[in-house]
file work_10.cif (mmCIF, C-alpha atoms)
data_work
#
loop_
_atom_site.group_PDB
_atom_site.id
_atom_site.type_symbol
_atom_site.label_atom_id
_atom_site.label_comp_id
_atom_site.auth_asym_id
_atom_site.auth_seq_id
_atom_site.Cartn_x
_atom_site.Cartn_y
_atom_site.Cartn_z
ATOM 1 C CA MET A 32 86.131 137.211 222.179
ATOM 2 C CA PRO A 33 89.706 138.484 221.763
ATOM 3 C CA PHE A 34 90.338 140.176 218.446
ATOM 4 C CA VAL A 35 92.942 137.644 217.265
ATOM 5 C CA ARG A 36 90.547 134.720 217.735
ATOM 6 C CA LEU A 37 87.802 136.721 216.044
ATOM 7 C CA HIS A 38 89.914 137.511 212.997
ATOM 8 C CA ARG A 39 91.314 133.966 212.855
ATOM 9 C CA ALA A 40 87.768 132.649 212.735
ATOM 10 C CA ALA A 41 86.843 135.185 210.081
ATOM 11 C CA LEU A 42 89.856 134.298 207.933
ATOM 12 C CA SER A 43 90.297 130.609 208.573
ATOM 13 C CA LEU A 44 90.793 128.914 205.257
ATOM 14 C CA SER A 45 90.111 125.266 204.604
ATOM 15 C CA ALA A 46 92.547 123.311 202.488
ATOM 16 C CA ALA A 47 90.280 123.719 199.455
ATOM 17 C CA ALA A 48 89.820 127.447 200.053
ATOM 18 C CA LEU A 49 93.563 127.928 200.506
ATOM 19 C CA ALA A 50 94.230 126.149 197.214
ATOM 20 C CA SER A 51 91.625 128.227 195.371
ATOM 21 C CA PHE A 52 92.988 131.407 197.006
ATOM 22 C CA ILE A 53 96.390 130.738 195.465
ATOM 23 C CA ALA A 54 94.966 129.422 192.180
ATOM 24 C CA VAL A 55 93.441 132.792 191.302
ATOM 25 C CA GLN A 56 96.764 134.550 191.817
ATOM 26 C CA PRO A 57 99.350 134.868 189.031
ATOM 27 C CA ALA A 58 101.513 131.786 188.654
ATOM 28 C CA ASN A 59 104.692 131.840 190.687
ATOM 29 C CA ALA A 60 107.194 129.042 191.176
ATOM 30 C CA GLY A 61 107.194 127.667 194.680
ATOM 31 C CA ILE A 62 103.881 129.055 195.894
ATOM 32 C CA GLU A 63 101.910 125.943 194.917
ATOM 33 C CA ASP A 64 104.383 123.656 196.700
ATOM 34 C CA ALA A 65 104.208 125.882 199.767
ATOM 35 C CA VAL A 66 100.401 125.699 199.822
ATOM 36 C CA LYS A 67 100.556 121.921 199.573
ATOM 37 C CA ALA A 68 103.042 121.859 202.459
ATOM 38 C CA ILE A 69 100.768 124.092 204.564
ATOM 39 C CA GLN A 70 97.821 121.827 203.799
ATOM 40 C CA ALA A 71 99.909 118.839 204.906
ATOM 41 C CA ALA A 72 100.977 120.729 208.067
ATOM 42 C CA ASP A 73 104.629 120.486 206.953
ATOM 43 C CA MET A 74 105.573 123.976 208.077
ATOM 44 C CA ALA A 75 109.318 123.401 207.682
ATOM 45 C CA LYS A 76 108.831 122.652 203.975
ATOM 46 C CA ALA A 77 106.387 125.552 203.610
ATOM 47 C CA GLU A 78 108.910 127.886 205.250
ATOM 48 C CA LYS A 79 111.637 126.726 202.874
ATOM 49 C CA GLU A 80 109.406 127.170 199.815
ATOM 50 C CA LEU A 81 108.181 130.606 200.900
ATOM 51 C CA GLN A 82 111.414 132.167 202.164
ATOM 52 C CA LEU A 83 112.893 132.820 198.723
ATOM 53 C CA LEU A 84 109.694 134.415 197.513
ATOM 54 C CA ALA A 85 109.370 136.437 200.719
ATOM 55 C CA LYS A 86 112.941 137.702 200.302
ATOM 56 C CA GLU A 87 111.836 138.972 196.890
ATOM 57 C CA ARG A 88 108.924 140.599 198.747
ATOM 58 C CA ASP A 89 106.190 138.577 197.080
ATOM 59 C CA PRO A 90 103.216 139.674 199.220
ATOM 60 C CA ARG A 91 101.470 136.294 198.846
ATOM 61 C CA ALA A 92 104.524 134.515 200.217
ATOM 62 C CA GLU A 93 104.918 137.072 203.003
ATOM 63 C CA PHE A 94 101.293 136.569 204.005
ATOM 64 C CA LEU A 95 101.418 132.768 203.895
ATOM 65 C CA LEU A 96 104.714 132.673 205.764
ATOM 66 C CA GLY A 97 103.635 135.277 208.317
ATOM 67 C CA PHE A 98 100.116 133.992 208.928
ATOM 68 C CA TYR A 99 100.290 130.218 208.512
ATOM 69 C CA VAL A 100 103.912 129.304 209.268
ATOM 70 C CA TYR A 101 104.947 131.852 211.909
ATOM 71 C CA GLY A 102 101.519 133.137 212.969
ATOM 72 C CA ASN A 103 99.794 129.828 213.632
ATOM 73 C CA PRO A 104 100.128 128.704 217.270
ATOM 74 C CA GLU A 105 99.874 125.091 216.091
ATOM 75 C CA SER A 106 102.952 125.465 213.874
ATOM 76 C CA LYS A 107 106.255 124.202 215.243
ATOM 77 C CA LEU A 108 107.761 127.378 213.768
ATOM 78 C CA PHE A 109 105.320 129.705 215.579
ATOM 79 C CA ASP A 110 107.054 133.071 216.054
ATOM 80 C CA LEU A 111 104.942 136.218 215.951
ATOM 81 C CA ASN A 112 108.060 138.379 215.931
ATOM 82 C CA LYS A 113 108.796 136.895 212.497
ATOM 83 C CA GLY A 114 105.192 136.728 211.300
ATOM 84 C CA ALA A 115 103.912 140.235 212.028
ATOM 85 C CA PRO A 116 106.620 142.112 210.056
ATOM 86 C CA LEU A 117 105.957 139.935 207.014
ATOM 87 C CA MET A 118 102.234 140.661 207.177
ATOM 88 C CA LEU A 119 102.970 144.362 207.715
ATOM 89 C CA ASP A 120 105.092 144.523 204.575
ATOM 90 C CA ALA A 121 102.451 142.706 202.528
ATOM 91 C CA ALA A 122 99.673 144.972 203.860
ATOM 92 C CA GLU A 123 101.704 148.137 203.307
ATOM 93 C CA ARG A 124 102.013 147.157 199.658
ATOM 94 C CA GLY A 125 98.266 146.598 199.279
ATOM 95 C CA TYR A 126 97.878 142.870 199.843
ATOM 96 C CA THR A 127 94.408 142.863 201.367
ATOM 97 C CA PRO A 128 94.417 139.335 202.894
ATOM 98 C CA ALA A 129 97.208 140.499 205.242
ATOM 99 C CA MET A 130 95.347 143.533 206.599
ATOM 100 C CA ILE A 131 92.923 141.919 209.055
ATOM 101 C CA PRO A 132 95.497 139.547 210.587
ATOM 102 C CA LEU A 133 97.883 142.496 210.894
ATOM 103 C CA ALA A 134 95.190 144.509 212.651
ATOM 104 C CA GLY A 135 94.672 141.577 214.996
ATOM 105 C CA ALA A 136 98.381 141.520 215.775
ATOM 106 C CA TYR A 137 98.245 145.233 216.648
ATOM 107 C CA ALA A 138 95.101 144.804 218.755
ATOM 108 C CA GLU A 139 96.690 142.017 220.775
ATOM 109 C CA GLY A 140 100.266 143.344 220.734
ATOM 110 C CA LYS A 141 101.497 140.112 219.162
ATOM 111 C CA GLY A 142 104.706 140.637 217.196
ATOM 112 C CA VAL A 143 104.139 144.398 217.030
ATOM 113 C CA PRO A 144 103.527 147.009 219.726
ATOM 114 C CA LYS A 145 99.954 146.862 221.017
ATOM 115 C CA SER A 146 97.964 149.631 219.350
ATOM 116 C CA PHE A 147 94.204 149.748 218.946
ATOM 117 C CA PHE A 148 94.780 152.874 216.864
ATOM 118 C CA ASP A 149 96.899 151.001 214.299
ATOM 119 C CA ALA A 150 94.500 148.066 214.410
ATOM 120 C CA TYR A 151 91.588 150.382 213.626
ATOM 121 C CA LYS A 152 93.564 152.086 210.850
ATOM 122 C CA TRP A 153 94.343 148.763 209.126
ATOM 123 C CA VAL A 154 90.777 147.497 209.430
ATOM 124 C CA SER A 155 89.589 150.828 207.974
ATOM 125 C CA ILE A 156 91.953 150.390 205.032
ATOM 126 C CA ALA A 157 90.697 146.824 204.622
ATOM 127 C CA GLU A 158 87.092 148.028 204.672
ATOM 128 C CA ARG A 159 87.894 150.563 201.956
ATOM 129 C CA TRP A 160 89.123 147.657 199.828
ATOM 130 C CA ASN A 161 86.009 145.542 200.588
ATOM 131 C CA VAL A 162 87.719 142.928 202.755
ATOM 132 C CA PRO A 163 85.040 140.653 204.238
ATOM 133 C CA ASN A 164 84.189 141.161 207.928
ATOM 134 C CA ALA A 165 86.028 144.495 208.144
ATOM 135 C CA ALA A 166 82.919 146.456 209.150
ATOM 136 C CA GLN A 167 82.161 144.020 211.987
ATOM 137 C CA LEU A 168 85.749 144.265 213.220
ATOM 138 C CA LEU A 169 85.626 148.075 213.131
ATOM 139 C CA GLY A 170 82.654 147.865 215.475
ATOM 140 C CA GLU A 171 84.625 145.658 217.858
ATOM 141 C CA LEU A 172 87.622 147.989 217.814
ATOM 142 C CA SER A 173 85.578 151.166 218.210
ATOM 143 C CA HIS A 174 84.961 150.207 221.841
ATOM 144 C CA GLU A 175 88.693 150.499 222.502
ATOM 145 C CA LEU A 176 89.230 154.041 221.215
ATOM 146 C CA LYS A 177 88.025 157.531 221.977
ATOM 147 C CA PRO A 178 85.945 159.233 219.260
ATOM 148 C CA GLU A 179 88.796 161.593 218.352
ATOM 149 C CA GLU A 180 91.186 158.612 217.996
ATOM 150 C CA ILE A 181 88.709 156.895 215.692
ATOM 151 C CA GLU A 182 88.443 159.998 213.522
ATOM 152 C CA LYS A 183 92.231 160.311 213.342
ATOM 153 C CA ALA A 184 92.618 156.613 212.446
ATOM 154 C CA LYS A 185 89.952 156.966 209.744
ATOM 155 C CA ALA A 186 91.736 160.023 208.348
ATOM 156 C CA GLU A 187 95.063 158.172 208.254
ATOM 157 C CA ALA A 188 93.400 155.205 206.567
ATOM 158 C CA THR A 189 91.803 157.440 203.947
ATOM 159 C CA ALA A 190 95.106 159.189 203.251
ATOM 160 C CA TYR A 191 97.155 155.975 203.210
ATOM 161 C CA THR A 192 98.935 155.164 199.967
ATOM 162 C CA PHE A 193 100.436 151.758 199.389
ATOM 163 C CA LYS A 194 104.170 151.356 198.991
ATOM 164 C CA LEU A 195 105.291 150.398 195.541
ATOM 165 C CA LYS A 196 108.566 148.746 196.502
#
call {"tool": "encode", "arguments": {"input": "work_10.cif", "output": "structure tokens"}}
result
Amino acid sequence: MPFVRLHRAALSLSAAALASFIAVQPANAGIEDAVKAIQAADMAKAEKELQLLAKERDPRAEFLLGFYVYGNPESKLFDLNKGAPLMLDAAERGYTPAMIPLAGAYAEGKGVPKSFFDAYKWVSIAERWNVPNAAQLLGELSHELKPEEIEKAKAEATAYTFKLK
């Protein structure tokens, strides 16, 4: 199974799960309306609601915009060249839900240069932060790298520090 389909299956969120995902986050104007728009498959409205927050680099908005609006092949606004950089920024600042989809983008070369090394590094970071399914995905990716590449990716993941701005 290609990595992107595997991680999509691992991260697919039902409407109820998506709502509860946002509900546990700090309140932020616009995010609730964006979630409702995503649930209603109104990606144009979701994009509009999320763009302001994404410009302010709200990692939740970057993730939702990158993964659901631009990263979903069923979205009329599907554009991985827009989605992957948003997920990268969110992941680089420690937003764990963005890490596995970002790794999938690297593994498939969708919106970012294809790199099993970078995919492995991001899944390793996700595993360190207890992201579900990360260990299984590391096993899948380990077949794509040489042992010395795996060790280097693990070392980079261990040394990685999140950006603050």
call {"tool": "resolve_selection", "arguments": {"input": "work_10.cif", "expression": "the PyMOL selection byres ((chain A and resi 140) around 12)", "output": "CSV table (one decimal) with C-alpha atoms, in the coordinates of the input"}}
result
chain,number,residue,atom,x,y,z
A,33,PRO,CA,89.7,138.5,221.8
A,34,PHE,CA,90.3,140.2,218.4
A,35,VAL,CA,92.9,137.6,217.3
A,111,LEU,CA,104.9,136.2,216.0
A,112,ASN,CA,108.1,138.4,215.9
A,115,ALA,CA,103.9,140.2,212.0
A,132,PRO,CA,95.5,139.5,210.6
A,133,LEU,CA,97.9,142.5,210.9
A,134,ALA,CA,95.2,144.5,212.7
A,135,GLY,CA,94.7,141.6,215.0
A,136,ALA,CA,98.4,141.5,215.8
A,137,TYR,CA,98.2,145.2,216.6
A,138,ALA,CA,95.1,144.8,218.8
A,139,GLU,CA,96.7,142.0,220.8
A,141,LYS,CA,101.5,140.1,219.2
A,142,GLY,CA,104.7,140.6,217.2
A,143,VAL,CA,104.1,144.4,217.0
A,144,PRO,CA,103.5,147.0,219.7
A,145,LYS,CA,100.0,146.9,221.0
A,146,SER,CA,98.0,149.6,219.4
A,147,PHE,CA,94.2,149.7,218.9
A,148,PHE,CA,94.8,152.9,216.9
A,149,ASP,CA,96.9,151.0,214.3
A,150,ALA,CA,94.5,148.1,214.4
call {"tool": "resolve_selection", "arguments": {"input": "work_10.cif", "expression": "the PyMOL selection byres ((chain A and resi 173) around 12)", "output": "PyMOL selection string"}}
result
chain A and resi 34+138+147-152+154-155+166-172+174-182+184-185
call {"tool": "resolve_selection", "arguments": {"input": "work_10.cif", "expression": "the PyMOL selection byres ((chain A and resi 100) around 8)", "output": "PyMOL selection string"}}
result
chain A and resi 69+74+77-78+95-99+101-103+106+108-109+114
call {"tool": "closest_residue", "arguments": {"input": "work_10.cif", "among": "A:Lys196, A:Lys183, A:Arg91, A:Lys107", "to": "Ala75 in chain A", "atoms": "all atoms listed in the file"}}
result
A:Lys107
call {"tool": "closest_residue", "arguments": {"input": "work_10.cif", "among": "A:Thr127, A:Ala85, A:Thr189, A:Ile62", "to": "Asn161 in chain A", "atoms": "all atoms listed in the file"}}
result
A:Thr127
call {"tool": "residues_near_point", "arguments": {"input": "work_10.cif", "point": "(110.6, 135.2, 198.1)", "cutoff": "12 Å", "atoms": "all atoms listed in the file", "output": "list in words"}}
result
Asn59, Ala60, Gly61, Ile62, Ala65, Ala77, Glu78, Lys79, Glu80, Leu81, Gln82, Leu83, Leu84, Ala85, Lys86, Glu87, Arg88, Asp89, Pro90, Arg91, Ala92, Glu93, Phe94, Leu95, Leu96, Leu117 and Ala121 of chain A
call {"tool": "atom_distance", "arguments": {"input": "work_10.cif", "atom1": "CA of Ala72 in chain A", "atom2": "CA of Lys113 in chain A"}}
result
18.5 Å
call {"tool": "closest_residue", "arguments": {"input": "work_10.cif", "among": "A:Lys76, A:Ala188, A:Ile131, A:Glu158", "to": "Met118 in chain A", "atoms": "all atoms listed in the file"}}
result
A:Ile131
call {"tool": "decode", "arguments": {"input": "work_10.cif", "residues": "range 67-113 of chain A", "atoms": "N, CA and C atoms", "output": "CSV table (one decimal), in the first residue's frame"}}
result
chain,number,residue,atom,x,y,z
A,67,LYS,N,-16.6,23.3,10.4
A,67,LYS,CA,-17.9,23.1,9.9
A,67,LYS,C,-18.0,23.1,8.4
A,68,ALA,N,-17.2,24.0,7.8
A,68,ALA,CA,-17.2,24.0,6.3
A,68,ALA,C,-16.5,22.7,5.8
A,69,ILE,N,-15.4,22.3,6.4
A,69,ILE,CA,-14.8,21.0,6.0
A,69,ILE,C,-15.8,19.9,6.1
A,70,GLN,N,-16.5,19.8,7.2
A,70,GLN,CA,-17.5,18.7,7.4
A,70,GLN,C,-18.6,18.8,6.4
A,71,ALA,N,-18.9,20.0,5.9
A,71,ALA,CA,-19.9,20.1,4.9
A,71,ALA,C,-19.4,20.0,3.5
A,72,ALA,N,-18.1,19.7,3.4
A,72,ALA,CA,-17.4,19.6,2.1
A,72,ALA,C,-17.4,21.0,1.3
A,73,ASP,N,-17.5,22.1,2.0
A,73,ASP,CA,-17.4,23.4,1.4
A,73,ASP,C,-16.0,23.9,1.6
A,74,MET,N,-15.1,23.4,0.7
A,74,MET,CA,-13.7,23.7,0.8
A,74,MET,C,-13.4,25.2,0.5
A,75,ALA,N,-14.2,25.8,-0.3
A,75,ALA,CA,-14.0,27.3,-0.6
A,75,ALA,C,-14.2,28.1,0.7
A,76,LYS,N,-15.2,27.8,1.4
A,76,LYS,CA,-15.5,28.5,2.7
A,76,LYS,C,-14.4,28.1,3.7
A,77,ALA,N,-14.0,26.9,3.8
A,77,ALA,CA,-13.0,26.5,4.7
A,77,ALA,C,-11.7,27.2,4.4
A,78,GLU,N,-11.3,27.3,3.1
A,78,GLU,CA,-10.1,28.0,2.7
A,78,GLU,C,-10.2,29.4,3.2
A,79,LYS,N,-11.3,30.1,2.9
A,79,LYS,CA,-11.4,31.5,3.3
A,79,LYS,C,-11.3,31.7,4.8
A,80,GLU,N,-11.9,30.8,5.6
A,80,GLU,CA,-11.9,30.9,7.0
A,80,GLU,C,-10.4,30.6,7.6
A,81,LEU,N,-9.7,29.7,6.9
A,81,LEU,CA,-8.4,29.3,7.4
A,81,LEU,C,-7.3,30.2,6.9
A,82,GLN,N,-7.4,30.8,5.8
A,82,GLN,CA,-6.3,31.6,5.3
A,82,GLN,C,-5.8,32.7,6.2
A,83,LEU,N,-6.7,33.4,6.8
A,83,LEU,CA,-6.2,34.5,7.8
A,83,LEU,C,-5.4,33.9,8.9
A,84,LEU,N,-5.9,32.8,9.5
A,84,LEU,CA,-5.2,32.1,10.6
A,84,LEU,C,-3.9,31.5,10.1
A,85,ALA,N,-3.9,31.0,8.9
A,85,ALA,CA,-2.7,30.4,8.4
A,85,ALA,C,-1.6,31.5,8.1
A,86,LYS,N,-2.1,32.7,7.7
A,86,LYS,CA,-1.1,33.8,7.5
A,86,LYS,C,-0.5,34.2,8.8
A,87,GLU,N,-1.2,34.0,9.9
A,87,GLU,CA,-0.7,34.3,11.2
A,87,GLU,C,0.1,33.1,11.7
A,88,ARG,N,0.2,32.1,10.9
A,88,ARG,CA,1.0,30.9,11.2
A,88,ARG,C,0.4,30.1,12.4
A,89,ASP,N,-0.9,30.1,12.5
A,89,ASP,CA,-1.6,29.2,13.4
A,89,ASP,C,-1.4,27.8,12.9
A,90,PRO,N,-0.7,26.9,13.6
A,90,PRO,CA,-0.4,25.6,13.1
A,90,PRO,C,-1.7,24.7,12.9
A,91,ARG,N,-2.7,24.9,13.6
A,91,ARG,CA,-4.0,24.2,13.4
A,91,ARG,C,-4.6,24.5,12.1
A,92,ALA,N,-4.6,25.8,11.8
A,92,ALA,CA,-5.1,26.3,10.5
A,92,ALA,C,-4.3,25.8,9.3
A,93,GLU,N,-2.9,25.9,9.5
A,93,GLU,CA,-2.0,25.4,8.5
A,93,GLU,C,-2.3,23.9,8.2
A,94,PHE,N,-2.4,23.1,9.2
A,94,PHE,CA,-2.7,21.7,9.1
A,94,PHE,C,-4.0,21.5,8.4
A,95,LEU,N,-5.1,22.1,8.8
A,95,LEU,CA,-6.4,21.9,8.2
A,95,LEU,C,-6.4,22.3,6.8
A,96,LEU,N,-5.8,23.5,6.5
A,96,LEU,CA,-5.8,24.0,5.2
A,96,LEU,C,-4.9,23.1,4.3
A,97,GLY,N,-3.8,22.7,4.8
A,97,GLY,CA,-2.9,21.9,4.0
A,97,GLY,C,-3.4,20.5,3.8
A,98,PHE,N,-4.0,19.9,4.8
A,98,PHE,CA,-4.3,18.5,4.7
A,98,PHE,C,-5.7,18.3,4.1
A,99,TYR,N,-6.7,19.0,4.6
A,99,TYR,CA,-8.1,18.8,4.1
A,99,TYR,C,-8.5,19.6,2.9
A,100,VAL,N,-8.0,20.9,2.8
A,100,VAL,CA,-8.5,21.7,1.7
A,100,VAL,C,-7.6,21.5,0.5
A,101,TYR,N,-6.3,21.6,0.7
A,101,TYR,CA,-5.3,21.4,-0.5
A,101,TYR,C,-4.8,20.0,-0.6
A,102,GLY,N,-4.8,19.2,0.4
A,102,GLY,CA,-4.2,17.9,0.4
A,102,GLY,C,-5.2,16.8,0.1
A,103,ASN,N,-6.5,17.1,0.0
A,103,ASN,CA,-7.5,16.1,-0.2
A,103,ASN,C,-7.8,16.0,-1.7
A,104,PRO,N,-7.5,14.9,-2.3
A,104,PRO,CA,-7.8,14.7,-3.8
A,104,PRO,C,-9.3,15.0,-4.1
A,105,GLU,N,-10.2,14.8,-3.2
A,105,GLU,CA,-11.6,15.0,-3.4
A,105,GLU,C,-12.0,16.5,-3.4
A,106,SER,N,-11.1,17.4,-2.9
A,106,SER,CA,-11.4,18.8,-2.8
A,106,SER,C,-11.2,19.5,-4.1
A,107,LYS,N,-12.1,20.4,-4.4
A,107,LYS,CA,-12.0,21.1,-5.7
A,107,LYS,C,-10.8,22.0,-5.7
A,108,LEU,N,-10.2,22.3,-4.5
A,108,LEU,CA,-9.0,23.1,-4.3
A,108,LEU,C,-7.7,22.3,-4.2
A,109,PHE,N,-7.8,21.0,-4.5
A,109,PHE,CA,-6.7,20.1,-4.3
A,109,PHE,C,-5.4,20.7,-5.0
A,110,ASP,N,-4.4,20.9,-4.2
A,110,ASP,CA,-3.1,21.5,-4.7
A,110,ASP,C,-2.0,21.1,-3.7
A,111,LEU,N,-1.3,20.0,-4.0
A,111,LEU,CA,-0.3,19.6,-3.0
A,111,LEU,C,0.9,20.6,-2.9
A,112,ASN,N,1.1,21.4,-3.9
A,112,ASN,CA,2.2,22.4,-3.9
A,112,ASN,C,1.8,23.5,-2.9
A,113,LYS,N,0.5,23.7,-2.6
A,113,LYS,CA,0.1,24.6,-1.5
A,113,LYS,C,0.0,23.9,-0.2
